[in-house]
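Asks: Pasting structure-v6.csv here (CSV, C-alpha atoms):
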chain,number,residue,atom,x,y,z
W,686,MET,CA,0.0,0.0,0.0
W,687,LEU,CA,2.9,2.3,0.8
W,688,PHE,CA,4.1,1.6,-2.7
W,689,LYS,CA,0.8,2.7,-4.3
W,690,LYS,CA,0.6,5.9,-2.2
W,691,CYS,CA,4.1,6.7,-3.4
W,692,ASN,CA,3.0,6.2,-7.0
W,693,LEU,CA,0.2,8.6,-6.5
W,694,SER,CA,2.4,11.2,-4.9
W,695,VAL,CA,4.8,11.0,-7.8
W,696,PHE,CA,2.0,11.4,-10.3
W,697,CYS,CA,0.8,14.5,-8.5
W,698,CYS,CA,4.3,16.0,-8.5
W,699,ILE,CA,4.5,15.4,-12.2
W,700,ILE,CA,1.3,17.3,-12.8
W,701,PHE,CA,2.4,20.2,-10.7
W,702,PHE,CA,5.8,20.3,-12.3
W,703,ALA,CA,4.4,20.2,-15.8
W,704,SER,CA,2.0,23.0,-14.8
W,705,PHE,CA,4.8,25.4,-13.7
W,706,SER,CA,7.8,24.5,-15.7
W,707,SER,CA,7.8,26.6,-18.8
W,708,THR,CA,7.5,30.1,-17.5
W,709,ALA,CA,9.9,32.0,-15.4
W,710,PHE,CA,7.6,33.2,-12.7
W,711,ALA,CA,4.0,33.0,-11.7
W,712,VAL,CA,2.1,34.6,-8.9
W,713,VAL,CA,-1.5,34.3,-7.8
W,714,GLU,CA,-2.6,37.1,-5.5
W,715,GLY,CA,-6.0,38.7,-4.7
W,716,GLY,CA,-7.8,37.4,-7.7
W,717,LYS,CA,-5.0,38.5,-10.0
W,718,GLU,CA,-2.8,36.0,-11.8
W,719,SER,CA,0.6,37.2,-13.0
W,720,SER,CA,3.2,35.5,-15.0
W,721,SER,CA,6.4,36.8,-16.6
W,722,GLY,CA,9.0,35.6,-19.1
W,723,THR,CA,11.5,36.8,-21.6
W,724,ALA,CA,11.8,36.6,-25.4
W,725,LYS,CA,15.1,37.2,-27.1
W,726,VAL,CA,14.7,39.4,-30.2
W,727,THR,CA,17.1,39.6,-33.1
W,728,ALA,CA,17.1,42.2,-35.8
W,729,ASN,CA,19.4,42.1,-38.9
W,730,VAL,CA,20.8,45.2,-40.5
W,731,PRO,CA,22.2,45.0,-44.1
W,732,GLN,CA,25.4,46.3,-45.5
W,733,PHE,CA,25.0,49.7,-47.1
W,734,ILE,CA,27.2,52.6,-48.1
W,735,VAL,CA,26.5,56.1,-49.4
W,736,LEU,CA,29.3,58.1,-51.0
W,737,HIS,CA,28.7,61.9,-51.3
W,738,TYR,CA,31.0,63.7,-53.8
W,739,TYR,CA,31.2,66.7,-56.0
W,740,SER,CA,30.7,65.8,-59.6
W,741,SER,CA,32.6,68.9,-60.7
W,742,LEU,CA,34.8,71.5,-59.0
W,743,THR,CA,36.7,74.4,-60.4
W,744,LEU,CA,39.8,75.9,-59.0
W,745,ASN,CA,40.5,79.5,-59.7
W,746,PHE,CA,44.2,80.3,-59.2
W,747,GLU,CA,44.9,83.7,-57.9
W,748,THR,CA,46.3,86.2,-60.4
W,749,PRO,CA,50.0,86.6,-59.8
W,750,THR,CA,51.1,90.0,-59.0
W,751,SER,CA,52.6,91.7,-62.1
W,752,GLU,CA,56.1,92.6,-61.5
W,753,ALA,CA,58.9,94.5,-63.3
W,754,LEU,CA,62.2,93.1,-62.2
W,755,ASP,CA,65.2,95.3,-62.8
W,756,GLU,CA,68.0,93.0,-63.8
W,757,GLY,CA,70.6,95.7,-63.3
W,758,ASP,CA,73.0,97.4,-65.6
W,759,ASN,CA,74.4,95.7,-68.6
W,760,SER,CA,76.9,96.7,-71.3
W,761,MET,CA,77.0,95.0,-74.7
W,762,SER,CA,79.3,95.4,-77.6
W,763,VAL,CA,77.6,96.2,-80.8
W,764,SER,CA,79.2,95.9,-84.2
W,765,TRP,CA,78.6,98.4,-87.0
W,766,GLU,CA,76.6,95.7,-88.7
W,767,GLY,CA,74.2,95.6,-85.7
W,768,LYS,CA,75.3,92.4,-84.0
W,769,ALA,CA,75.3,92.7,-80.2
W,770,THR,CA,77.5,90.5,-77.9
W,771,GLY,CA,77.9,90.4,-74.2
W,772,ASP,CA,75.8,89.3,-71.2
W,773,GLN,CA,72.2,88.4,-72.1
W,774,LEU,CA,69.4,87.3,-70.0
W,775,SER,CA,69.2,83.6,-69.5
W,776,THR,CA,67.4,81.1,-67.3
W,777,ALA,CA,70.3,81.1,-64.8
W,778,SER,CA,70.4,84.9,-64.6
W,779,LEU,CA,66.8,85.7,-64.3
W,780,MET,CA,66.0,87.2,-60.9
W,781,ASP,CA,63.3,85.5,-58.8
W,782,ALA,CA,59.9,86.9,-59.0
W,783,LYS,CA,57.3,86.6,-56.2
W,784,LEU,CA,55.9,83.4,-57.8
W,785,GLU,CA,58.4,80.7,-58.8
W,786,LEU,CA,57.2,77.3,-59.9
W,787,ASP,CA,60.4,75.9,-61.5
W,788,GLY,CA,61.1,72.3,-60.5
W,789,THR,CA,58.1,72.3,-58.2
W,790,LYS,CA,54.5,71.2,-58.3
W,791,THR,CA,51.7,72.9,-56.5
W,792,THR,CA,50.0,70.6,-54.0
W,793,VAL,CA,46.3,71.5,-53.8
W,794,LYS,CA,44.5,70.4,-50.7
W,795,MET,CA,40.7,70.3,-50.8
W,796,PRO,CA,39.1,69.4,-47.4
W,797,ASN,CA,35.6,68.0,-47.1
W,798,VAL,CA,34.9,67.2,-50.7
W,799,TRP,CA,33.6,63.7,-50.1
W,800,ALA,CA,31.6,61.9,-47.3
W,801,VAL,CA,30.6,58.4,-46.5
W,802,ARG,CA,28.0,56.8,-44.3
W,803,GLY,CA,26.3,53.5,-43.9
W,804,PHE,CA,26.7,50.1,-42.3
W,805,SER,CA,29.4,47.5,-42.7
W,806,LYS,CA,30.5,44.4,-40.8
W,807,THR,CA,33.4,46.1,-39.1
W,808,GLY,CA,32.0,49.6,-39.0
W,809,ASN,CA,34.7,50.8,-41.4
W,810,ALA,CA,34.9,51.6,-45.1
W,811,GLU,CA,37.8,51.6,-47.6
W,812,VAL,CA,38.0,54.8,-49.7
W,813,THR,CA,40.3,54.9,-52.6
W,814,VAL,CA,41.1,57.5,-55.3
W,815,THR,CA,42.5,57.0,-58.8
W,816,ILE,CA,43.1,59.0,-61.9
W,817,PRO,CA,41.4,57.4,-64.8
W,818,SER,CA,43.1,57.1,-68.2
W,819,GLY,CA,43.4,60.6,-69.8
W,820,GLY,CA,42.3,62.3,-66.6
W,821,ASP,CA,45.8,63.4,-65.6
W,822,VAL,CA,46.0,66.4,-67.9
W,823,LEU,CA,44.0,69.6,-67.9
W,824,SER,CA,44.2,71.3,-71.3
W,825,ASN,CA,43.6,74.7,-72.9
W,826,GLY,CA,44.7,74.1,-76.5
W,827,GLU,CA,48.4,73.3,-76.3
W,828,SER,CA,48.7,74.6,-72.8
W,829,LYS,CA,48.7,71.8,-70.3
W,830,ILE,CA,48.5,71.3,-66.5
W,831,GLY,CA,49.6,67.9,-65.3
W,832,MET,CA,47.8,66.3,-62.4
W,833,SER,CA,49.3,63.5,-60.3
W,834,ASN,CA,49.8,62.0,-56.8
W,835,VAL,CA,46.1,62.1,-55.9
W,836,LYS,CA,45.3,61.1,-52.3
W,837,VAL,CA,42.3,60.9,-50.0
W,838,ASN,CA,42.4,61.8,-46.4
W,839,ASP,CA,40.0,61.8,-43.5
W,840,GLY,CA,41.9,63.9,-41.0
W,841,LYS,CA,43.6,60.8,-39.5
W,842,SER,CA,45.2,59.1,-42.5
W,843,SER,CA,46.1,59.9,-46.0
W,844,GLY,CA,46.9,57.9,-49.1
W,845,SER,CA,45.6,56.5,-52.4
W,846,SER,CA,43.6,54.2,-50.3
W,847,ILE,CA,42.5,54.6,-46.6
W,848,LYS,CA,40.4,52.8,-44.1
W,849,THR,CA,38.0,55.1,-42.5
W,850,ASN,CA,35.2,55.0,-40.0
W,851,LEU,CA,31.7,54.4,-41.3
W,852,GLY,CA,29.6,55.9,-38.5
W,853,GLY,CA,26.1,54.8,-39.5
W,854,ILE,CA,23.3,56.0,-41.8
W,855,ALA,CA,22.5,59.3,-40.2
W,856,LYS,CA,23.9,62.4,-41.8
W,857,SER,CA,25.2,63.6,-38.5
W,858,SER,CA,27.3,60.5,-38.4
W,859,ALA,CA,28.8,60.8,-41.8
W,860,THR,CA,32.6,60.8,-42.2
W,861,PHE,CA,34.0,63.6,-44.2
W,862,GLY,CA,37.2,63.6,-46.2
W,863,GLY,CA,39.4,65.6,-48.4
W,864,ILE,CA,41.5,65.2,-51.6
W,865,GLU,CA,45.0,66.4,-52.3
W,866,LEU,CA,46.7,66.4,-55.6
W,867,ASP,CA,49.8,67.8,-57.3
W,868,LEU,CA,49.5,70.2,-60.3
W,869,ASP,CA,52.4,70.7,-62.7
W,870,PHE,CA,52.3,74.1,-64.5
W,871,SER,CA,55.6,73.6,-66.3
W,872,LYS,CA,53.8,73.2,-69.7
W,873,THR,CA,51.2,75.8,-69.1
W,874,ASN,CA,51.4,78.9,-71.2
W,875,ARG,CA,47.8,80.1,-71.5
W,876,SER,CA,45.6,81.8,-69.0
W,877,GLY,CA,42.0,80.7,-68.8
W,878,SER,CA,40.1,77.5,-68.2
W,879,HIS,CA,42.0,74.3,-68.5
W,880,ILE,CA,39.7,71.3,-68.4
W,881,GLY,CA,39.8,67.5,-68.5
W,882,GLY,CA,41.3,66.6,-65.1
W,883,GLN,CA,39.5,63.8,-63.4
W,884,TYR,CA,39.7,61.6,-60.3
W,885,THR,CA,37.6,58.7,-59.2
W,886,ILE,CA,36.7,58.0,-55.6
W,887,THR,CA,35.5,54.5,-54.7
W,888,ALA,CA,34.1,53.7,-51.3
W,889,SER,CA,33.5,50.1,-50.2
W,890,THR,CA,32.3,48.4,-47.0
W,891,ILE,CA,34.8,46.3,-45.3
G,400,MET,CA,-8.1,-5.2,3.8
G,401,LYS,CA,-9.3,-2.9,6.6
G,402,GLU,CA,-6.1,-1.0,6.3
G,403,LEU,CA,-6.0,-1.1,2.6
G,404,LEU,CA,-9.3,0.5,1.9
G,405,PRO,CA,-8.7,3.7,3.9
G,406,SER,CA,-5.3,4.1,2.3
G,407,THR,CA,-6.8,3.6,-1.2
G,408,LYS,CA,-9.3,6.3,-0.4
G,409,GLN,CA,-6.6,8.6,0.8
G,410,GLY,CA,-4.7,8.0,-2.4
G,411,LEU,CA,-7.7,8.7,-4.5
G,412,ARG,CA,-8.4,11.9,-2.6
G,413,ILE,CA,-4.8,13.1,-3.3
G,414,LEU,CA,-5.3,12.2,-7.0
G,415,SER,CA,-8.6,14.1,-7.0
G,416,LEU,CA,-7.0,17.2,-5.5
G,417,CYS,CA,-4.3,17.1,-8.1
G,418,LEU,CA,-6.7,16.9,-11.0
G,419,VAL,CA,-8.8,19.7,-9.5
G,420,SER,CA,-5.8,21.8,-9.2
G,421,THR,CA,-4.9,21.2,-12.7
G,422,VAL,CA,-8.3,22.0,-14.0
G,423,PHE,CA,-8.4,25.1,-11.8
G,424,ALA,CA,-5.1,26.2,-13.0
G,425,SER,CA,-6.0,25.9,-16.6
G,426,GLU,CA,-9.0,28.2,-16.2
G,427,PHE,CA,-7.9,30.8,-13.7
G,428,ALA,CA,-4.2,30.7,-13.1
G,429,PHE,CA,-1.2,30.6,-15.3
G,430,PRO,CA,-0.2,27.0,-15.6
G,431,GLY,CA,3.0,27.0,-17.5
G,432,ASP,CA,2.1,24.4,-20.0
G,433,LEU,CA,-0.7,26.6,-21.3
G,434,LEU,CA,1.2,29.9,-21.5
G,435,LYS,CA,3.7,29.9,-24.3
G,436,ILE,CA,6.3,32.7,-24.4
G,437,TYR,CA,8.5,32.5,-27.4
G,438,LYS,CA,12.1,32.3,-26.4
G,439,ASN,CA,13.5,33.7,-29.7
G,440,ARG,CA,12.0,36.0,-32.1
G,441,LYS,CA,14.1,36.5,-35.2
G,442,LEU,CA,12.6,39.5,-37.1
G,443,ASP,CA,12.7,39.8,-40.9
G,444,GLU,CA,16.0,41.3,-42.0
G,445,ILE,CA,15.9,45.0,-42.7
G,446,SER,CA,15.8,45.4,-46.4
G,447,LEU,CA,17.6,48.0,-48.5
G,448,ARG,CA,14.2,49.1,-49.7
G,449,GLU,CA,13.1,49.9,-46.2
G,450,ILE,CA,16.2,52.1,-45.8
G,451,GLY,CA,15.1,53.8,-49.0
G,452,VAL,CA,17.6,52.5,-51.6
G,453,SER,CA,17.7,49.8,-54.1
G,454,GLU,CA,21.4,49.0,-54.0
G,455,SER,CA,23.9,48.4,-51.3
G,456,GLY,CA,26.1,51.1,-52.7
G,457,VAL,CA,24.9,54.5,-53.6
G,458,SER,CA,26.8,57.6,-54.8
G,459,ALA,CA,25.1,60.9,-54.3
G,460,SER,CA,26.4,63.8,-56.4
G,461,LEU,CA,26.5,67.3,-54.9
G,462,ASN,CA,26.3,70.6,-56.7
G,463,PRO,CA,29.5,71.7,-58.4
G,464,PHE,CA,31.5,74.4,-56.7
G,465,GLU,CA,34.2,76.9,-57.5
G,466,ALA,CA,37.0,77.8,-55.1
G,467,SER,CA,39.9,80.0,-55.0
G,468,ALA,CA,43.3,78.4,-55.1
G,469,SER,CA,46.7,79.7,-54.2
G,470,TRP,CA,49.9,78.9,-56.1
G,471,GLU,CA,51.5,77.9,-52.8
G,472,GLY,CA,49.1,75.0,-52.5
G,473,ASN,CA,47.5,75.9,-49.2
G,474,ASN,CA,44.1,74.3,-48.1
G,475,ILE,CA,41.4,75.4,-50.4
G,476,GLU,CA,38.3,76.9,-48.8
G,477,THR,CA,35.6,74.5,-49.8
G,478,PRO,CA,31.9,75.0,-49.1
G,479,GLU,CA,30.2,73.1,-46.3
G,480,MET,CA,28.9,69.8,-47.7
G,481,GLN,CA,25.1,69.7,-47.8
G,482,LEU,CA,23.9,66.1,-47.6
G,483,GLU,CA,20.3,67.1,-48.0
G,484,ASP,CA,20.0,65.0,-51.2
G,485,ALA,CA,21.3,62.0,-49.5
G,486,TYR,CA,19.3,58.8,-49.2
G,487,GLY,CA,18.3,56.9,-46.2
G,488,ARG,CA,15.5,56.3,-43.8
G,489,THR,CA,16.1,55.5,-40.2
G,490,ARG,CA,12.7,54.4,-39.0
G,491,ILE,CA,11.9,50.7,-39.4
G,492,SER,CA,8.9,48.8,-38.1
G,493,ARG,CA,8.0,45.2,-37.5
G,494,ASN,CA,4.3,44.9,-36.8
G,495,ASP,CA,2.2,42.1,-35.3
G,496,VAL,CA,5.1,40.3,-33.8
G,497,LEU,CA,3.7,37.4,-31.8
G,498,LEU,CA,5.5,37.1,-28.4
G,499,TRP,CA,3.2,34.8,-26.4
G,500,TYR,CA,-0.1,33.0,-26.4
G,501,TYR,CA,-2.3,31.5,-23.8
G,502,ASP,CA,-4.4,28.3,-24.5
G,503,TYR,CA,-7.5,27.8,-22.6
G,504,ASP,CA,-9.0,24.4,-22.3
G,505,THR,CA,-12.7,25.1,-22.4
G,506,SER,CA,-15.9,23.2,-22.7
G,507,SER,CA,-17.1,22.7,-26.2
G,508,ASP,CA,-19.8,25.3,-25.9
G,509,SER,CA,-17.4,28.0,-24.7
G,510,THR,CA,-16.9,30.9,-27.1
G,511,VAL,CA,-14.3,33.5,-27.5
G,512,ASP,CA,-16.6,36.0,-25.9
G,513,ASN,CA,-16.9,33.8,-22.8
G,514,VAL,CA,-13.2,33.8,-22.4
G,515,PHE,CA,-13.0,37.6,-22.9
G,516,SER,CA,-15.7,38.1,-20.3
G,517,ARG,CA,-13.8,36.1,-17.7
G,518,HIS,CA,-10.3,37.4,-18.3
G,519,ALA,CA,-8.9,40.9,-18.6
G,520,TYR,CA,-5.2,41.2,-19.5
G,521,ASP,CA,-2.6,43.7,-18.4
G,522,VAL,CA,0.6,43.1,-20.2
G,523,GLN,CA,3.8,45.0,-19.5
G,524,TYR,CA,6.8,44.9,-22.0
G,525,ARG,CA,10.3,46.0,-21.6
G,526,ILE,CA,13.2,45.8,-24.1
G,527,ILE,CA,16.7,45.5,-22.8
G,528,GLY,CA,19.8,45.5,-24.9
G,529,ARG,CA,22.8,43.2,-24.4
G,530,ASN,CA,24.6,46.2,-22.8
G,531,GLY,CA,21.8,46.5,-20.2
G,532,ALA,CA,20.3,49.7,-21.7
G,533,GLU,CA,16.6,49.9,-21.9
G,534,ASN,CA,14.9,50.3,-25.3
G,535,ARG,CA,18.0,49.2,-27.2
G,536,LEU,CA,19.1,46.3,-29.3
G,537,SER,CA,22.9,46.0,-29.4
G,538,HIS,CA,25.2,44.7,-32.1
G,539,LYS,CA,26.7,41.3,-31.4
G,540,LYS,CA,30.2,42.6,-31.5
G,541,ASP,CA,29.9,46.2,-30.6
G,542,ASN,CA,27.8,47.4,-27.7
G,543,ASN,CA,28.2,51.0,-28.9
G,544,SER,CA,26.4,50.2,-32.1
G,545,VAL,CA,22.7,50.1,-31.1
G,546,ILE,CA,19.2,50.2,-32.5
G,547,VAL,CA,16.7,52.2,-30.5
G,548,ALA,CA,13.6,50.1,-30.0
G,549,HIS,CA,10.1,50.9,-28.8
G,550,ILE,CA,7.4,48.4,-28.2
G,551,THR,CA,3.7,49.0,-28.6
G,552,GLU,CA,1.3,46.5,-27.1
G,553,LYS,CA,-1.6,45.4,-29.3
G,554,PRO,CA,-4.9,44.3,-27.9
G,555,VAL,CA,-5.0,40.6,-27.0
G,556,GLU,CA,-7.0,38.7,-29.5
G,557,CYS,CA,-8.5,35.3,-28.9
G,558,GLU,CA,-9.5,32.7,-31.4
G,559,LYS,CA,-11.1,29.3,-31.2
G,560,LYS,CA,-8.5,26.6,-32.1
G,561,ASN,CA,-10.8,23.7,-31.8
G,562,LYS,CA,-13.8,22.5,-29.9
G,563,ARG,CA,-12.0,22.6,-26.5
G,564,LYS,CA,-9.3,25.1,-27.0
G,565,ILE,CA,-9.3,28.9,-27.2
G,566,ARG,CA,-6.1,30.6,-27.9
G,567,CYS,CA,-5.4,34.2,-26.8
G,568,LEU,CA,-2.5,35.9,-28.7
G,569,GLY,CA,-0.1,38.5,-27.4
G,570,ARG,CA,1.2,40.6,-30.2
G,571,VAL,CA,3.2,43.8,-30.3
G,572,ASP,CA,4.5,46.4,-32.8
G,573,LEU,CA,8.2,47.0,-32.8
G,574,ASP,CA,9.6,50.4,-34.0
G,575,PHE,CA,13.3,50.7,-34.6
G,576,ASP,CA,15.4,53.8,-35.1
G,577,ILE,CA,18.7,52.7,-36.8
G,578,SER,CA,20.3,56.1,-36.7
G,579,GLN,CA,22.6,55.1,-33.9
G,580,ALA,CA,23.6,51.8,-35.6
G,581,LYS,CA,27.1,51.7,-37.0
G,582,ARG,CA,27.5,48.1,-38.2
G,583,SER,CA,25.6,45.7,-40.4
G,584,GLY,CA,24.7,42.3,-39.0
G,585,LYS,CA,22.7,41.1,-36.0
G,586,TYR,CA,21.4,43.1,-33.1
G,587,TYR,CA,20.2,41.4,-30.0
G,588,GLY,CA,17.9,42.3,-27.1
G,589,THR,CA,15.5,40.8,-24.6
G,590,ILE,CA,11.9,41.6,-24.2
G,591,GLU,CA,10.7,41.1,-20.6
G,592,ILE,CA,7.0,40.3,-20.5
G,593,THR,CA,4.8,40.4,-17.5
G,594,ILE,CA,1.2,39.3,-18.0
G,595,THR,CA,-1.5,39.9,-15.4
G,596,THR,CA,-5.1,38.7,-15.7
G,597,PHE,CA,-8.0,39.8,-13.5
Please go through the file and, once you have read it, give me the structure as structure tokens.
Replies:
Amino acid sequence: MLFKKCNLSVFCCIIFFASFSSTAFAVVEGGKESSSGTAKVTANVPQFIVLHYYSSLTLNFETPTSEALDEGDNSMSVSWEGKATGDQLSTASLMDAKLELDGTKTTVKMPNVWAVRGFSKTGNAEVTVTIPSGGDVLSNGESKIGMSNVKVNDGKSSGSSIKTNLGGIAKSSATFGGIELDLDFSKTNRSGSHIGGQYTITASTI
Amino acid sequence: MKELLPSTKQGLRILSLCLVSTVFASEFAFPGDLLKIYKNRKLDEISLREIGVSESGVSASLNPFEASASWEGNNIETPEMQLEDAYGRTRISRNDVLLWYYDYDTSSDSTVDNVFSRHAYDVQYRIIGRNGAENRLSHKKDNNSVIVAHITEKPVECEKKNKRKIRCLGRVDLDFDISQAKRSGKYYGTIEITITTF
């Protein structure tokens, strides 16, 4: 008989256990019944990147100050036939003007000309800049301006390709960056608009 | 036999109490085997269309500008970038998300209205991110990358499942703001649910 009673008790326990096993907490009080539990929720965000850029920009170089440079006194021998000999102006002898570009290139730095935002696995993006074929010369007839050494920067790093922060989709979280490039005026002989220079910015999620 | 009979009766009384308790619990309390709270709710992936784009990569051209440049190559004064034309929505919703249901075992002539007349629900919800912050879902690898989440309770609806079962459904609307999210991938959180009936 003891054995049977035991069986009945076990059976009851199973019923009670089954009744209260699957929720975290249950209370009965004053006619109210309360139970609580938790559900884990998962949301999945896709990869996405927006690159903001200027499709066209124009650089207006300041007008150099006109100068008259006095190269000093000179005496030349002149024959009766009209030929003159003696010291003449040459590259080596020309005095420096206020603007001298010999052997140098002008590095132009343009801050905040691109921006990226979006989502990536790492929270970062790779931004690269290249000059497409034929985009390395700005022309005005025979007058040329060479363009080279293009780099992107974000205030922390600079190069032809950089890893930068991708701060999310909000405009307020966008990462802004600049471009710098070298311009060579050694084959430039005309004033006015020189066109045809081009760079390509590529932004990728990483 | 004299001893056996009273013991048998006692055992049957215990069994009867157990069964009564079970029936009572199914009607008026919260027996756990009848209340189902979903442990995991994987929401549909946020699509690019919901963000407002058709491709994962978008380039947005800004108005051309002219700037003065010096021969010395100093920084050029560029205009402030206006991102007004940019794409992107930050509000995403998932509606009618089923979080729990309650099955009532009822007599065959019970109706949904009967159940409604006997039970009033008060349900409280709370969303907690993995970083412990309320109303947040956090990225699996970066607790600083979060989705702001708000939950809106929907009225409990009951439906007759079969002759002896009426099921009451606990659904919610979830509204997400992804403007503070920095990474793609999965974001996790926990919804705490407290259900009280009167």
Asks: Show me, as a PDB file with C-alpha atoms, in the frame of the given file, the residues that have an atom within 12 Å of Gly451 (chain G) when counting only C-alpha atoms, minus same-chain residues fewer than 3 positions from it.
Replies:
ATOM      1  CA  PHE W 733      25.000  49.700 -47.100  1.00  0.00           C
ATOM      2  CA  VAL W 735      26.500  56.100 -49.400  1.00  0.00           C
ATOM      3  CA  ILE W 854      23.300  56.000 -41.800  1.00  0.00           C
TER       4      ILE W 854
ATOM      5  CA  ILE G 445      15.900  45.000 -42.700  1.00  0.00           C
ATOM      6  CA  SER G 446      15.800  45.400 -46.400  1.00  0.00           C
ATOM      7  CA  LEU G 447      17.600  48.000 -48.500  1.00  0.00           C
ATOM      8  CA  ARG G 448      14.200  49.100 -49.700  1.00  0.00           C
ATOM      9  CA  GLU G 454      21.400  49.000 -54.000  1.00  0.00           C
ATOM     10  CA  SER G 455      23.900  48.400 -51.300  1.00  0.00           C
ATOM     11  CA  GLY G 456      26.100  51.100 -52.700  1.00  0.00           C
ATOM     12  CA  VAL G 457      24.900  54.500 -53.600  1.00  0.00           C
ATOM     13  CA  ALA G 485      21.300  62.000 -49.500  1.00  0.00           C
ATOM     14  CA  TYR G 486      19.300  58.800 -49.200  1.00  0.00           C
ATOM     15  CA  GLY G 487      18.300  56.900 -46.200  1.00  0.00           C
ATOM     16  CA  ARG G 488      15.500  56.300 -43.800  1.00  0.00           C
ATOM     17  CA  THR G 489      16.100  55.500 -40.200  1.00  0.00           C
ATOM     18  CA  ARG G 490      12.700  54.400 -39.000  1.00  0.00           C
ATOM     19  CA  ILE G 491      11.900  50.700 -39.400  1.00  0.00           C
TER      20      ILE G 491
END
Asks: Can you tell me which residues surround Gly771 (chain W) at a distance of at most 8 Å, considering only C-alpha atoms, apart from same-chain residues fewer than 3 positions away, and format the answer as a ChimeraX atom specification?
Replies: /W:760-762
Asks: Could you tell me which residues of chain G sit within 6 Å of chain W when counting only C-alpha atoms, and give me the result as a PyMOL selection string?
Replies: chain G and resi 410+417+428+430-432+437-442+444-445+455-461+463-469+472+474-475+578+580-597
Asks: Please list as an mmCIF file with C-alpha atoms, keeping the file's coordinate frame every residue within 8 Å of region 494-496 of chain G, counting all atoms listed in the file and excluding residues in the same chain fewer than 5 positions away.
Replies:
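Okay, this is what ended up in result.cif:
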data_model
loop_
_atom_site.group_PDB
_atom_site.id
_atom_site.type_symbol
_atom_site.label_atom_id
_atom_site.label_comp_id
_atom_site.auth_asym_id
_atom_site.auth_seq_id
_atom_site.Cartn_x
_atom_site.Cartn_y
_atom_site.Cartn_z
ATOM 1 C CA LYS G 553 -1.600 45.400 -29.300
ATOM 2 C CA ARG G 570 1.200 40.600 -30.200
ATOM 3 C CA VAL G 571 3.200 43.800 -30.300
ATOM 4 C CA ASP G 572 4.500 46.400 -32.800
ATOM 5 C CA LEU G 573 8.200 47.000 -32.800
#
Asks: How many Å lie between CA of Ile526 (chain G) and CA of Tyr503 (chain G), rounded to one decimal?
Replies: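 Taking CA of Ile526 (chain G) and CA of Tyr503 (chain G), their separation equals 27.5 Å.
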Asks: Show me, as a PyMOL selection string, the residues that have an atom within 12 Å of Ser843 (chain W) when counting all atoms listed in the file, minus same-chain residues fewer than 2 positions from it.
Replies: chain W and resi 794+796+811-814+834-841+845-849+862-866
